[in-house]
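Here's the structure we're looking at; comments come further down.
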Amino acid sequence: MAAQTEVLTGFDHLSDQGRVSLRGWALRGLLLLPVLALVLALPYQSDEWTNDAIYAAIFAMVGLSMNVLVGYTGQISLGQQAFLGIGALTAANVVNTGTTAADPFTFAIGILAGALVAAGAAVFLGAIALRIRGLYLALVTLVFGSVTADAIFTIPSLNGQDAGIPAYRPTALQGNFAFYVFALAMVVVCIYIDVCIRRSKVGRGLIALRDNELVASAFGINVLGYKLLGFVLSGAMAGLAGGVYTFWSQEFSDKNFTSGAGFSLALIFVVMVVVGGLGNRAGVIAAAAFFALLDPLLTGFAHHTGWLTWYTDHKQYVQNIIGAVLLLQTVIFNPGGLGQVLRPFTQWFSGKRFSLHAEGDAAGAALGGGDSVRA
Amino acid sequence: MSVLEVHDLTIRFGGLTAIDNLSLAVNEWEIVGLMGPNGAGKTTAFNCITGFYKPNAGRVLYRGQDVTRVPPHRKAAMGMGRTFQNVGMVKSETVLENLLTAQHTKAGYGPFLALTGASAVRQRERDLTAHADAILELLGLGAFRDRRLGSLSYGTLKLLELGCALASDPDLLLLDEPSSGMGPEESHELGDRLLALRQALGVTMLLIEHHVPLVAAVCDYVYVLNFGKLLAEGDPEHVRNHPEVVAAYLGGEAPEALEQTEAPAEQAAAAEELADAAPSEPASPAPRRGLRRPRKEAS
Amino acid sequence: MRVLADEFSTQINFITPLISGIADGSAFGLLGLGLVLLYKSNRIFNFAQGEFATVAAVVAFLFDRGIGWLPKLPYFLAIGIGVLAAVLVAMLTERLVIRPLFDRPKVVLVVATVGVALFLIGAEGLLPYPQTASLRTISDVLNVQSYVTQVDGVVVLDQDVAKLIVLAVLAVLAFLFFRYSNTGTAILAVSQDATAARVVGISVERVSMVTWGIAGFLGGIAGVLLAVPPSGSVTPGAFTGLTLTIAFSAAVLGGMTSLPGAFVGGLLIGLIQSFANADHSFVPGLNSLPAAQNEVAVVAVLLLVLLIRPRGLLGREA
């Protein structure tokens with residue numbers, strides 16, 4: 001292994017002080033291009049890809065929201081889909097376009113309102129989380145998720161009953177690719193917030209309280225307040241994703257969030273966050289994109305191998321099995337998840353030495369035998 | 001002016017009175033020791049003082065202010081730093097990140113500003129990092145800056161914990177057995193270090209300690225607890241030879257508490273004499289002697 | 001069937017909800033028993049418990065109808081094989097998933113059971129059988145009248161009586177098992193301190209296997225009793241999605257460590273839900289509550305209990 005690492009040194013262009021040279025940054029930029037190509041060029045080519053990419057973006061935002069809640073704060077939540085739905089419902093209701101395209105100002109308000117209302121609902125859930133912990137909290141979030149969906153999303157005045165509420169995009173974003181760029185921008189916003197969290201006392205406070213509430217208190221962290229903050233931030237991001245979701249489908253229909261559908265979402269989100277690696281930004285985004293794109297990819301594969309009809313009839317179950325196997329594999333053999341696998345690369349891109357033995361992330365310890373995630 | 005005053009502190013857990021009418025005081029720039037056999041209630045007293053437990057009766061005054069019911073995180077902001085018996089830090093983070101987390105109250109920006117990533121926040125983060133590096137330097141832990149806690153030895157962890165307690169520029173340090181797990185040389189170094197810290201930073205300290213040489217070297221005043229009650233108080237010499245203190249340790253705990261100056265046979269004889277003698281009033285404490293080092297100029 | 005009456009009618013406003021509440025409640029209780037067992041022994045929520053039930057129901061269905069290359073077997077044999085299948089699945093889960101994760105934090109185990117549930121749902125879904133069908137009821141099989149009696153015009157179904165009786169019997173057996181049998185005590189010992197249990201000679205591995213086997217058995221019984229008309233079916237994930245939420249509530253209400261509690265809790269939840277969902281038109285103004293009122297009622301009660309008394313009504317630990 002040492003010899004291997006030797007060979008790889010020198011191409012990261014790090015000076016003795018560990019600073020990346022100009023050439024080093026150029027090299028990193030160059031290798032980033034294929035990633036950018038994938039993310040931008042492919043959707044530009046095909047409308048189908050754009051649709052799938054938007055879906056992936058929405059999932060990525062939800063993943064990031066769970067990253068804050070589960071990864072940093074260590075609160076287990078199986079009701080995240082409720083915030084997604086709340087964001088969607090709020091945005092749709094605020095905009096309430098009828099048959100016309102929304103004007104950009106109302107649209108912006110709608111998106112923001114979605115995030116804010118979801119954040120508010122998250123405070124409520126967070127307040128409950130202060131009293132109840134670990135496994136019981138898991139239960140409560142699960143119930144919260146399904147009850148919110150069934151009780152609130154089914155109110156006729158809010159959801160337009162069977163037809164759903166229309167939520168048309170502003171004219172500027174009517175085109176799929178344009179909306180995709182918007183969705184990407186929202187993902188970038190979430191990533192930015194996540195980075196700000198992680199690099200400030202907010203992230204440190206959340207992680208400290210996950211690890212050991214007493215020590216966190218002794219360090220001056222207001223544990224109750226920060227727990228709530230964790231929920232609020234998580235809810236806001238998920239609500240933002242909800243807003244994007246509703247304008248993507250240009251309507252709000254409660255069928256997407258209630259009972260079976262809602263529960264499936266909850267499960268997918270949990271799988272996504274675990275397979276991605278708790279607390280790992282890049283891993284969660286990668287996993288989210290993977291699960292969002294799983295259906296299109298499999299459909300394409302089935303199409304080419306002649307299994308299309310069978311697959312279409314059984315797609316949900318095939319995806320279940322794939323998700324389950326990945327989840328179990330991650331939990332048992334690879335607790336750091338995709339994040340751990342990607343770590344050498346993300347570290348390198350951020351200007352460090354390339355090393356295959358990159359030390360695990362703080363949250364990698366969450367699954368791997370530490371006692372970080374509260375139970 | 002006293003930094004810390006505890007008046008008639010009492011706390012009960014179910015039927016057990018863990019602390020019974022405890023009063024103590026720590027004056028500016030003093031290093032005060034809190035001793036007693038295991039189970040005497042020393043850590044419980046700490047928990048009451050720092051706000052992790054709510055006492056049933058009594059008051060805790062910090063610089064004259066009643067802080068009995070103030071929660072721990074606010075006490076930290078007011079200037080109380082504390083360490084824990086089992087090393088208390090954020091185990092999943094690196095050394096540097098722990099030191100940054102410990103400066104939470106001195107971060108200088110609110111959580112919502114943090115989310116914007118404003119340059120003010122980034123500047124403060126640089127300042128915090130510099131301060132953390134300074135502490136690492138002060139304690140000689142620079143080499144461990146980016147290491148995860150899991151790979152460090154117990155002694156290093158204890159030292160780091162001290163660093164974290166110091167990180168927020170506290171006025172009062174409460175240290176729970178800082179020398180546990182250390183051999184005689186390391187304890188000696190720790191003693192020197194604590195004295196140097198007081199000199200350099202002007203912190204007042206309250207220590208829970210078992211290690212008598214350390215107490216003797218460092219403490220200006222000592223309180224001894226047994227079964228939750230104050231047994232004796234005074235300067236280390238006085239307390240060490242106090243009959244009831246000797247009895248408490250002999251009857252209960254390891255020979256660690258006794259200095260190996262007397263031969264075992266003499267100790268046994270002394271114990272017998274004590275047992276025969278009628279219980280006496282605790283000898284009046286020797287007058288509080290001054291600090292061992294010249295006072296630091298007020299900054 | 002909502003027959004609106006403006007006056008309080010014993011039949012409509014009390015007996016109907018009462019009977020359906022008890023029937024549903026027995027179902028919840030049955031599923032809750034398995035959950036409590038595993039919580040008592042492993043300190044985790046088994047997300048896959050509902051799927052153990054479904055596996056049993058599906059396998060029983062396959063053999064009862066003789067689907068594919070499987071022989072058509074007599075009903076009671078098919079049911080037996082179904083339950084056996086559930087036991088096998090549970091023990092496999094223990095061996096392949098739970099055992100390797102024994103030392104990890106409990107939350108990790110719970111997440112793993114989510115994975116198991118997902119996997120089972122997927123596997124069931126891929127089997128070729130009509131997924132919206134149901135198992136036959138016992139009265140169907142024995143060719144007897146489907147209801148035992150009528151109370152004030154409301155029928156009491158055979159199947160429901162069977163559910164209640166089986167639930168009661170199992171709850172009592174489970175309670176006695178933990179109190180008085182050696183294996184039961186061993187299970188409790190392992191749940192409290194596996195290392196200490198090992199030291200006194202208990203084989204932790206065997207205990208674990210037995211525990212999950214019993215949980216599989218309980219789940220299987222629940223499955224074959226519940227997957228019948230009018231509301232049950234052999235749809236993959238049906239038990240997990242819908243009933244598990246409520247079964248959890250039952251277990252919590254009764255206390256996650258109390259087996260009789262699961263029994264009581266299940267019945268209570270069934271009754272609360274049933275009465276909340278019933279016709280309230282005899283109370284002026286109460287007629288226009290939203291359809292999800294039963295769920296909200298259940299959740300409200302659940303939360304209240306958890307907040308006031310974290311160990312449930314009958315449980316012994318928080």
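Residue numbering restarts at 1 for every chain of the structure tokens, chains are lettered A, B, ... in their displayed order, and ligands are numbered from 1 as they appear.
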Which polymer residues have any atom within 9 Å of an atom of region 180-194 of chain C, counting only C-alpha atoms, with same-chain residues fewer than 5 positions away left out, as a ChimeraX atom specification? /C:39-43,174-175,199,202-204,207-208,210-211
Please write the residues from the selection above to a file, keeping C-alpha atoms, as a PDB file, in the first residue's frame.
ATOM      1  CA  TYR C  39     -37.719  -5.170  22.039  1.00  0.00           C
ATOM      2  CA  LYS C  40     -37.521  -7.009  25.316  1.00  0.00           C
ATOM      3  CA  SER C  41     -34.777  -9.230  24.036  1.00  0.00           C
ATOM      4  CA  ASN C  42     -32.806  -7.079  21.634  1.00  0.00           C
ATOM      5  CA  ARG C  43     -33.818  -3.565  22.593  1.00  0.00           C
ATOM      6  CA  ALA C 174     -45.676 -15.217  26.327  1.00  0.00           C
ATOM      7  CA  PHE C 175     -46.050 -13.639  29.724  1.00  0.00           C
ATOM      8  CA  VAL C 199     -20.194 -15.821  31.652  1.00  0.00           C
ATOM      9  CA  ILE C 202     -25.920 -18.959  28.457  1.00  0.00           C
ATOM     10  CA  SER C 203     -25.308 -19.356  24.782  1.00  0.00           C
ATOM     11  CA  VAL C 204     -26.049 -15.923  23.476  1.00  0.00           C
ATOM     12  CA  VAL C 207     -30.842 -17.446  22.665  1.00  0.00           C
ATOM     13  CA  SER C 208     -30.791 -14.939  19.868  1.00  0.00           C
ATOM     14  CA  VAL C 210     -34.671 -18.805  19.546  1.00  0.00           C
ATOM     15  CA  THR C 211     -35.920 -15.304  20.214  1.00  0.00           C
TER      16      THR C 211
END
Output as a PyMOL selection string the set of chain B residues within 7 Å of chain A, with distances taken over only C-alpha atoms. chain B and resi 72-74+76-77+82+88-93+101-102+104-105+111+114-117
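Restricting the calculation to only C-alpha atoms, the smallest distance between chain C and any of A:Phe179, A:Phe247, A:Phe269, A:Tyr168 is found for A:Phe269.
Here CA of Leu230 (chain B) and CA of Val203 (chain B) stand 24.9 Å from one another.
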Just list as a PyMOL selection string whatever in region 23-263 of chain B DSSP marks as strand (DSSP E or B). chain B and resi 23-27+31-35+57-62+65-66+80-82+94+148+172-176+204-208+221-226+229-234
DSSP alpha helix (DSSP H) residues within region 48-176 of chain C, listed as an mmCIF file with C-alpha atoms, in the first residue's frame:
data_model
loop_
_atom_site.group_PDB
_atom_site.id
_atom_site.type_symbol
_atom_site.label_atom_id
_atom_site.label_comp_id
_atom_site.auth_asym_id
_atom_site.auth_seq_id
_atom_site.Cartn_x
_atom_site.Cartn_y
_atom_site.Cartn_z
ATOM 1 C CA GLN C 49 -42.121 -7.742 11.846
ATOM 2 C CA GLY C 50 -44.987 -6.857 9.539
ATOM 3 C CA GLU C 51 -43.244 -8.640 6.718
ATOM 4 C CA PHE C 52 -42.823 -11.791 8.761
ATOM 5 C CA ALA C 53 -46.605 -11.726 8.888
ATOM 6 C CA THR C 54 -46.893 -11.115 5.181
ATOM 7 C CA VAL C 55 -44.456 -13.883 4.348
ATOM 8 C CA ALA C 56 -46.581 -16.338 6.274
ATOM 9 C CA ALA C 57 -49.737 -15.135 4.595
ATOM 10 C CA VAL C 58 -48.219 -15.262 1.122
ATOM 11 C CA VAL C 59 -46.756 -18.726 1.550
ATOM 12 C CA ALA C 60 -50.017 -19.998 3.014
ATOM 13 C CA PHE C 61 -51.852 -18.476 0.102
ATOM 14 C CA LEU C 62 -49.537 -20.077 -2.424
ATOM 15 C CA PHE C 63 -50.039 -23.523 -0.969
ATOM 16 C CA ASP C 64 -53.715 -23.063 -0.332
ATOM 17 C CA ARG C 65 -54.337 -22.176 -3.961
ATOM 18 C CA TYR C 75 -55.884 -25.196 4.362
ATOM 19 C CA PHE C 76 -54.533 -25.930 7.795
ATOM 20 C CA LEU C 77 -51.397 -27.495 6.399
ATOM 21 C CA ALA C 78 -50.885 -24.492 4.163
ATOM 22 C CA ILE C 79 -51.221 -22.224 7.163
ATOM 23 C CA GLY C 80 -48.763 -24.312 9.086
ATOM 24 C CA ILE C 81 -46.222 -24.074 6.293
ATOM 25 C CA GLY C 82 -46.824 -20.358 6.117
ATOM 26 C CA VAL C 83 -46.028 -19.900 9.757
ATOM 27 C CA LEU C 84 -43.000 -22.126 9.352
ATOM 28 C CA ALA C 85 -41.815 -19.940 6.499
ATOM 29 C CA ALA C 86 -42.106 -16.902 8.724
ATOM 30 C CA VAL C 87 -40.056 -18.614 11.399
ATOM 31 C CA LEU C 88 -37.395 -19.511 8.861
ATOM 32 C CA VAL C 89 -37.224 -15.992 7.496
ATOM 33 C CA ALA C 90 -36.934 -14.605 10.986
ATOM 34 C CA MET C 91 -34.126 -16.945 11.890
ATOM 35 C CA LEU C 92 -32.302 -16.194 8.672
ATOM 36 C CA THR C 93 -32.597 -12.517 9.471
ATOM 37 C CA LYS C 106 -29.133 -0.106 18.449
ATOM 38 C CA VAL C 107 -30.121 2.444 15.861
ATOM 39 C CA VAL C 108 -27.968 0.645 13.334
ATOM 40 C CA LEU C 109 -29.872 -2.560 13.982
ATOM 41 C CA VAL C 110 -33.158 -0.796 13.492
ATOM 42 C CA VAL C 111 -31.951 0.574 10.184
ATOM 43 C CA ALA C 112 -30.886 -2.925 9.226
ATOM 44 C CA THR C 113 -34.362 -4.248 9.947
ATOM 45 C CA VAL C 114 -35.707 -1.566 7.658
ATOM 46 C CA GLY C 115 -33.476 -3.073 5.020
ATOM 47 C CA VAL C 116 -34.793 -6.525 5.748
ATOM 48 C CA ALA C 117 -38.380 -5.301 5.478
ATOM 49 C CA LEU C 118 -37.642 -3.658 2.157
ATOM 50 C CA PHE C 119 -35.996 -6.803 0.889
ATOM 51 C CA LEU C 120 -38.909 -9.003 1.901
ATOM 52 C CA ILE C 121 -41.407 -6.664 0.308
ATOM 53 C CA GLY C 122 -39.434 -6.817 -2.875
ATOM 54 C CA ALA C 123 -39.095 -10.581 -2.780
ATOM 55 C CA GLU C 124 -42.779 -11.105 -2.158
ATOM 56 C CA GLY C 125 -43.633 -8.725 -4.916
ATOM 57 C CA LEU C 126 -41.651 -10.679 -7.428
ATOM 58 C CA ILE C 138 -61.478 -20.119 8.804
ATOM 59 C CA SER C 139 -65.229 -20.114 8.556
ATOM 60 C CA ASP C 140 -64.874 -20.360 4.785
ATOM 61 C CA VAL C 141 -62.719 -23.387 5.123
ATOM 62 C CA LEU C 142 -64.822 -25.137 7.689
ATOM 63 C CA ASP C 158 -65.781 -16.029 13.459
ATOM 64 C CA GLN C 159 -62.458 -14.822 12.274
ATOM 65 C CA ASP C 160 -62.513 -11.938 14.663
ATOM 66 C CA VAL C 161 -63.323 -14.174 17.569
ATOM 67 C CA ALA C 162 -60.459 -16.402 16.536
ATOM 68 C CA LYS C 163 -58.155 -13.395 16.467
ATOM 69 C CA LEU C 164 -59.168 -12.336 19.919
ATOM 70 C CA ILE C 165 -58.832 -15.798 21.398
ATOM 71 C CA VAL C 166 -55.479 -16.478 19.788
ATOM 72 C CA LEU C 167 -54.212 -13.087 20.897
ATOM 73 C CA ALA C 168 -55.293 -13.673 24.458
ATOM 74 C CA VAL C 169 -53.796 -17.134 24.560
ATOM 75 C CA LEU C 170 -50.499 -16.041 23.054
ATOM 76 C CA ALA C 171 -50.225 -13.026 25.306
ATOM 77 C CA VAL C 172 -50.716 -15.159 28.370
ATOM 78 C CA LEU C 173 -48.308 -17.811 27.107
ATOM 79 C CA ALA C 174 -45.676 -15.217 26.327
ATOM 80 C CA PHE C 175 -46.050 -13.639 29.724
ATOM 81 C CA LEU C 176 -45.709 -16.984 31.454
#
Can you tell me, as a list in words, what residues are no more than 6 Å from Ala167 (chain A) when counting only C-alpha atoms, ignoring any on the same chain fewer than 4 positions away? Ala92, Thr97, Phe247, Gln250 and Glu251 of chain A
Sorted per-residue table, region 45-137 of chain B near region 152-172 of chain B, closest atoms and distance, 10 Å, only C-alpha atoms, as JSON lines:
{"residue": "B:Tyr62", "atom": "CA", "partner": "B:Leu172", "partner_atom": "CA", "distance": 9.2}
{"residue": "B:Ala76", "atom": "CA", "partner": "B:Pro170", "partner_atom": "CA", "distance": 7.8}
{"residue": "B:Ala77", "atom": "CA", "partner": "B:Ser168", "partner_atom": "CA", "distance": 8.2}
{"residue": "B:Met78", "atom": "CA", "partner": "B:Pro170", "partner_atom": "CA", "distance": 7.9}
{"residue": "B:Gly79", "atom": "CA", "partner": "B:Pro170", "partner_atom": "CA", "distance": 4.3}
{"residue": "B:Met80", "atom": "CA", "partner": "B:Leu172", "partner_atom": "CA", "distance": 4.9}
{"residue": "B:Gly81", "atom": "CA", "partner": "B:Ala165", "partner_atom": "CA", "distance": 4.9}
{"residue": "B:Arg82", "atom": "CA", "partner": "B:Ala165", "partner_atom": "CA", "distance": 5.7}
{"residue": "B:Thr83", "atom": "CA", "partner": "B:Glu161", "partner_atom": "CA", "distance": 6.5}
{"residue": "B:Phe84", "atom": "CA", "partner": "B:Glu161", "partner_atom": "CA", "distance": 8.4}
{"residue": "B:Gln85", "atom": "CA", "partner": "B:Lys158", "partner_atom": "CA", "distance": 9.5}
{"residue": "B:Asn86", "atom": "CA", "partner": "B:Lys158", "partner_atom": "CA", "distance": 9.0}
{"residue": "B:Val87", "atom": "CA", "partner": "B:Lys158", "partner_atom": "CA", "distance": 6.3}
{"residue": "B:Gly88", "atom": "CA", "partner": "B:Glu161", "partner_atom": "CA", "distance": 6.9}
{"residue": "B:Met89", "atom": "CA", "partner": "B:Glu161", "partner_atom": "CA", "distance": 6.8}
{"residue": "B:Val95", "atom": "CA", "partner": "B:Leu160", "partner_atom": "CA", "distance": 7.6}
{"residue": "B:Leu96", "atom": "CA", "partner": "B:Cys164", "partner_atom": "CA", "distance": 9.7}
{"residue": "B:Asn98", "atom": "CA", "partner": "B:Cys164", "partner_atom": "CA", "distance": 7.0}
{"residue": "B:Leu99", "atom": "CA", "partner": "B:Cys164", "partner_atom": "CA", "distance": 5.3}
{"residue": "B:Leu100", "atom": "CA", "partner": "B:Ala167", "partner_atom": "CA", "distance": 7.9}
{"residue": "B:Thr101", "atom": "CA", "partner": "B:Cys164", "partner_atom": "CA", "distance": 8.3}
{"residue": "B:Ala102", "atom": "CA", "partner": "B:Cys164", "partner_atom": "CA", "distance": 5.4}
{"residue": "B:Gln103", "atom": "CA", "partner": "B:Ser168", "partner_atom": "CA", "distance": 4.8}
{"residue": "B:His104", "atom": "CA", "partner": "B:Ser168", "partner_atom": "CA", "distance": 7.5}
{"residue": "B:Thr105", "atom": "CA", "partner": "B:Ser168", "partner_atom": "CA", "distance": 6.9}
{"residue": "B:Lys106", "atom": "CA", "partner": "B:Ser168", "partner_atom": "CA", "distance": 6.2}
{"residue": "B:Ala107", "atom": "CA", "partner": "B:Ser168", "partner_atom": "CA", "distance": 9.1}
{"residue": "B:Leu128", "atom": "CA", "partner": "B:Ala167", "partner_atom": "CA", "distance": 9.2}
{"residue": "B:His131", "atom": "CA", "partner": "B:Ala167", "partner_atom": "CA", "distance": 7.6}
{"residue": "B:Ala132", "atom": "CA", "partner": "B:Ala167", "partner_atom": "CA", "distance": 6.9}
{"residue": "B:Ala134", "atom": "CA", "partner": "B:Ala167", "partner_atom": "CA", "distance": 9.5}
{"residue": "B:Ile135", "atom": "CA", "partner": "B:Gly163", "partner_atom": "CA", "distance": 6.3}
{"residue": "B:Leu136", "atom": "CA", "partner": "B:Gly163", "partner_atom": "CA", "distance": 7.3}
Next, write the just-selected residues to a file, as an mmCIF file, in the first residue's frame, keeping N, CA and C atoms as the atom set.
data_model
loop_
_atom_site.group_PDB
_atom_site.id
_atom_site.type_symbol
_atom_site.label_atom_id
_atom_site.label_comp_id
_atom_site.auth_asym_id
_atom_site.auth_seq_id
_atom_site.Cartn_x
_atom_site.Cartn_y
_atom_site.Cartn_z
ATOM 1 N N TYR B 62 -21.710 32.912 42.143
ATOM 2 C CA TYR B 62 -20.564 33.115 41.276
ATOM 3 C C TYR B 62 -20.314 34.610 41.203
ATOM 4 N N ALA B 76 -21.212 28.155 31.529
ATOM 5 C CA ALA B 76 -19.999 28.144 30.718
ATOM 6 C C ALA B 76 -19.775 29.514 30.105
ATOM 7 N N ALA B 77 -20.853 30.125 29.648
ATOM 8 C CA ALA B 77 -20.718 31.453 29.060
ATOM 9 C C ALA B 77 -20.286 32.472 30.098
ATOM 10 N N MET B 78 -20.657 32.246 31.354
ATOM 11 C CA MET B 78 -20.293 33.193 32.410
ATOM 12 C C MET B 78 -18.853 33.042 32.850
ATOM 13 N N GLY B 79 -18.216 31.979 32.418
ATOM 14 C CA GLY B 79 -16.798 31.861 32.751
ATOM 15 C C GLY B 79 -16.419 30.660 33.576
ATOM 16 N N MET B 80 -17.315 29.670 33.664
ATOM 17 C CA MET B 80 -16.942 28.448 34.375
ATOM 18 C C MET B 80 -16.538 27.386 33.375
ATOM 19 N N GLY B 81 -15.342 26.840 33.540
ATOM 20 C CA GLY B 81 -14.946 25.748 32.664
ATOM 21 C C GLY B 81 -14.853 24.491 33.505
ATOM 22 N N ARG B 82 -15.152 23.336 32.906
ATOM 23 C CA ARG B 82 -15.070 22.160 33.753
ATOM 24 C C ARG B 82 -14.608 20.944 32.980
ATOM 25 N N THR B 83 -13.966 20.033 33.681
ATOM 26 C CA THR B 83 -13.610 18.756 33.069
ATOM 27 C C THR B 83 -14.398 17.652 33.762
ATOM 28 N N PHE B 84 -14.396 16.482 33.138
ATOM 29 C CA PHE B 84 -15.195 15.371 33.644
ATOM 30 C C PHE B 84 -14.310 14.229 34.095
ATOM 31 N N GLN B 85 -14.885 13.388 34.928
ATOM 32 C CA GLN B 85 -14.111 12.286 35.477
ATOM 33 C C GLN B 85 -13.676 11.314 34.382
ATOM 34 N N ASN B 86 -14.661 10.858 33.586
ATOM 35 C CA ASN B 86 -14.261 10.127 32.384
ATOM 36 C C ASN B 86 -14.123 11.183 31.317
ATOM 37 N N VAL B 87 -13.029 11.170 30.633
ATOM 38 C CA VAL B 87 -12.687 12.288 29.755
ATOM 39 C C VAL B 87 -13.889 12.760 28.935
ATOM 40 N N GLY B 88 -14.212 14.037 29.050
ATOM 41 C CA GLY B 88 -15.418 14.547 28.421
ATOM 42 C C GLY B 88 -15.116 15.416 27.222
ATOM 43 N N MET B 89 -15.120 14.799 26.045
ATOM 44 C CA MET B 89 -14.939 15.599 24.829
ATOM 45 C C MET B 89 -15.760 14.990 23.720
ATOM 46 N N VAL B 95 -8.840 16.771 17.392
ATOM 47 C CA VAL B 95 -8.357 17.594 18.496
ATOM 48 C C VAL B 95 -8.675 19.060 18.248
ATOM 49 N N LEU B 96 -8.340 19.509 17.063
ATOM 50 C CA LEU B 96 -8.572 20.924 16.750
ATOM 51 C C LEU B 96 -10.055 21.263 16.831
ATOM 52 N N ASN B 98 -12.309 19.866 18.538
ATOM 53 C CA ASN B 98 -12.740 19.912 19.933
ATOM 54 C C ASN B 98 -12.416 21.263 20.563
ATOM 55 N N LEU B 99 -11.221 21.738 20.280
ATOM 56 C CA LEU B 99 -10.840 23.027 20.853
ATOM 57 C C LEU B 99 -11.699 24.150 20.286
ATOM 58 N N LEU B 100 -12.080 24.013 19.015
ATOM 59 C CA LEU B 100 -12.955 25.028 18.437
ATOM 60 C C LEU B 100 -14.347 24.951 19.074
ATOM 61 N N THR B 101 -14.832 23.720 19.254
ATOM 62 C CA THR B 101 -16.152 23.555 19.864
ATOM 63 C C THR B 101 -16.165 24.130 21.270
ATOM 64 N N ALA B 102 -15.044 23.951 21.974
ATOM 65 C CA ALA B 102 -14.989 24.425 23.354
ATOM 66 C C ALA B 102 -15.063 25.940 23.435
ATOM 67 N N GLN B 103 -14.781 26.602 22.324
ATOM 68 C CA GLN B 103 -14.840 28.058 22.337
ATOM 69 C C GLN B 103 -16.211 28.570 21.935
ATOM 70 N N HIS B 104 -17.163 27.705 21.959
ATOM 71 C CA HIS B 104 -18.527 28.015 21.494
ATOM 72 C C HIS B 104 -19.031 29.342 22.025
ATOM 73 N N THR B 105 -18.836 29.571 23.329
ATOM 74 C CA THR B 105 -19.415 30.775 23.916
ATOM 75 C C THR B 105 -18.659 32.029 23.513
ATOM 76 N N LYS B 106 -17.458 31.848 23.020
ATOM 77 C CA LYS B 106 -16.666 33.023 22.652
ATOM 78 C C LYS B 106 -16.596 33.198 21.134
ATOM 79 N N ALA B 107 -17.492 32.480 20.435
ATOM 80 C CA ALA B 107 -17.384 32.484 18.974
ATOM 81 C C ALA B 107 -17.578 33.870 18.379
ATOM 82 N N LEU B 128 -10.584 31.937 16.081
ATOM 83 C CA LEU B 128 -10.776 30.803 16.978
ATOM 84 C C LEU B 128 -9.709 29.743 16.738
ATOM 85 N N HIS B 131 -6.481 30.841 18.263
ATOM 86 C CA HIS B 131 -6.538 30.659 19.703
ATOM 87 C C HIS B 131 -6.352 29.187 20.073
ATOM 88 N N ALA B 132 -7.007 28.330 19.303
ATOM 89 C CA ALA B 132 -6.868 26.889 19.551
ATOM 90 C C ALA B 132 -5.418 26.454 19.389
ATOM 91 N N ALA B 134 -2.880 28.287 19.798
ATOM 92 C CA ALA B 134 -2.111 28.823 20.928
ATOM 93 C C ALA B 134 -2.218 27.898 22.136
ATOM 94 N N ILE B 135 -3.404 27.396 22.358
ATOM 95 C CA ILE B 135 -3.582 26.493 23.499
ATOM 96 C C ILE B 135 -2.813 25.191 23.283
ATOM 97 N N LEU B 136 -2.868 24.690 22.065
ATOM 98 C CA LEU B 136 -2.112 23.462 21.764
ATOM 99 C C LEU B 136 -0.638 23.676 22.042
#
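Between CA of Ala127 (chain A) and CA of Asp150 (chain A) lies a distance of 21.2 Å.
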For each of C:Val155, C:Ile308, C:Ala197, C:Leu38, take the minimum atom-to-atom distance to chain A, counting only C-alpha atoms, then give the residue where this is smallest.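 The closest residue to chain A is C:Ile308.
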Check the smallest atom-to-atom distance from each of A:Ala302, A:Ile165, A:Val341, A:Val140 to Ala300 (chain C) using only C-alpha atoms, then report the winner. A:Val140
I need the residue nearest chain A from this list: C:Gly223, C:Gly237, C:Gly232, C:Pro71. Use only C-alpha atoms for the distance.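 Smallest separation from chain A among the options: C:Gly237.
Counting only C-alpha atoms, Leu30 (chain C) has the following residues at most 8 Å away, ignoring those fewer than 4 positions along the same chain: Ser26, Gly34, Leu167, Leu218, Gly219, Ala222, Ala262, Phe263 and Gly266 of chain C.
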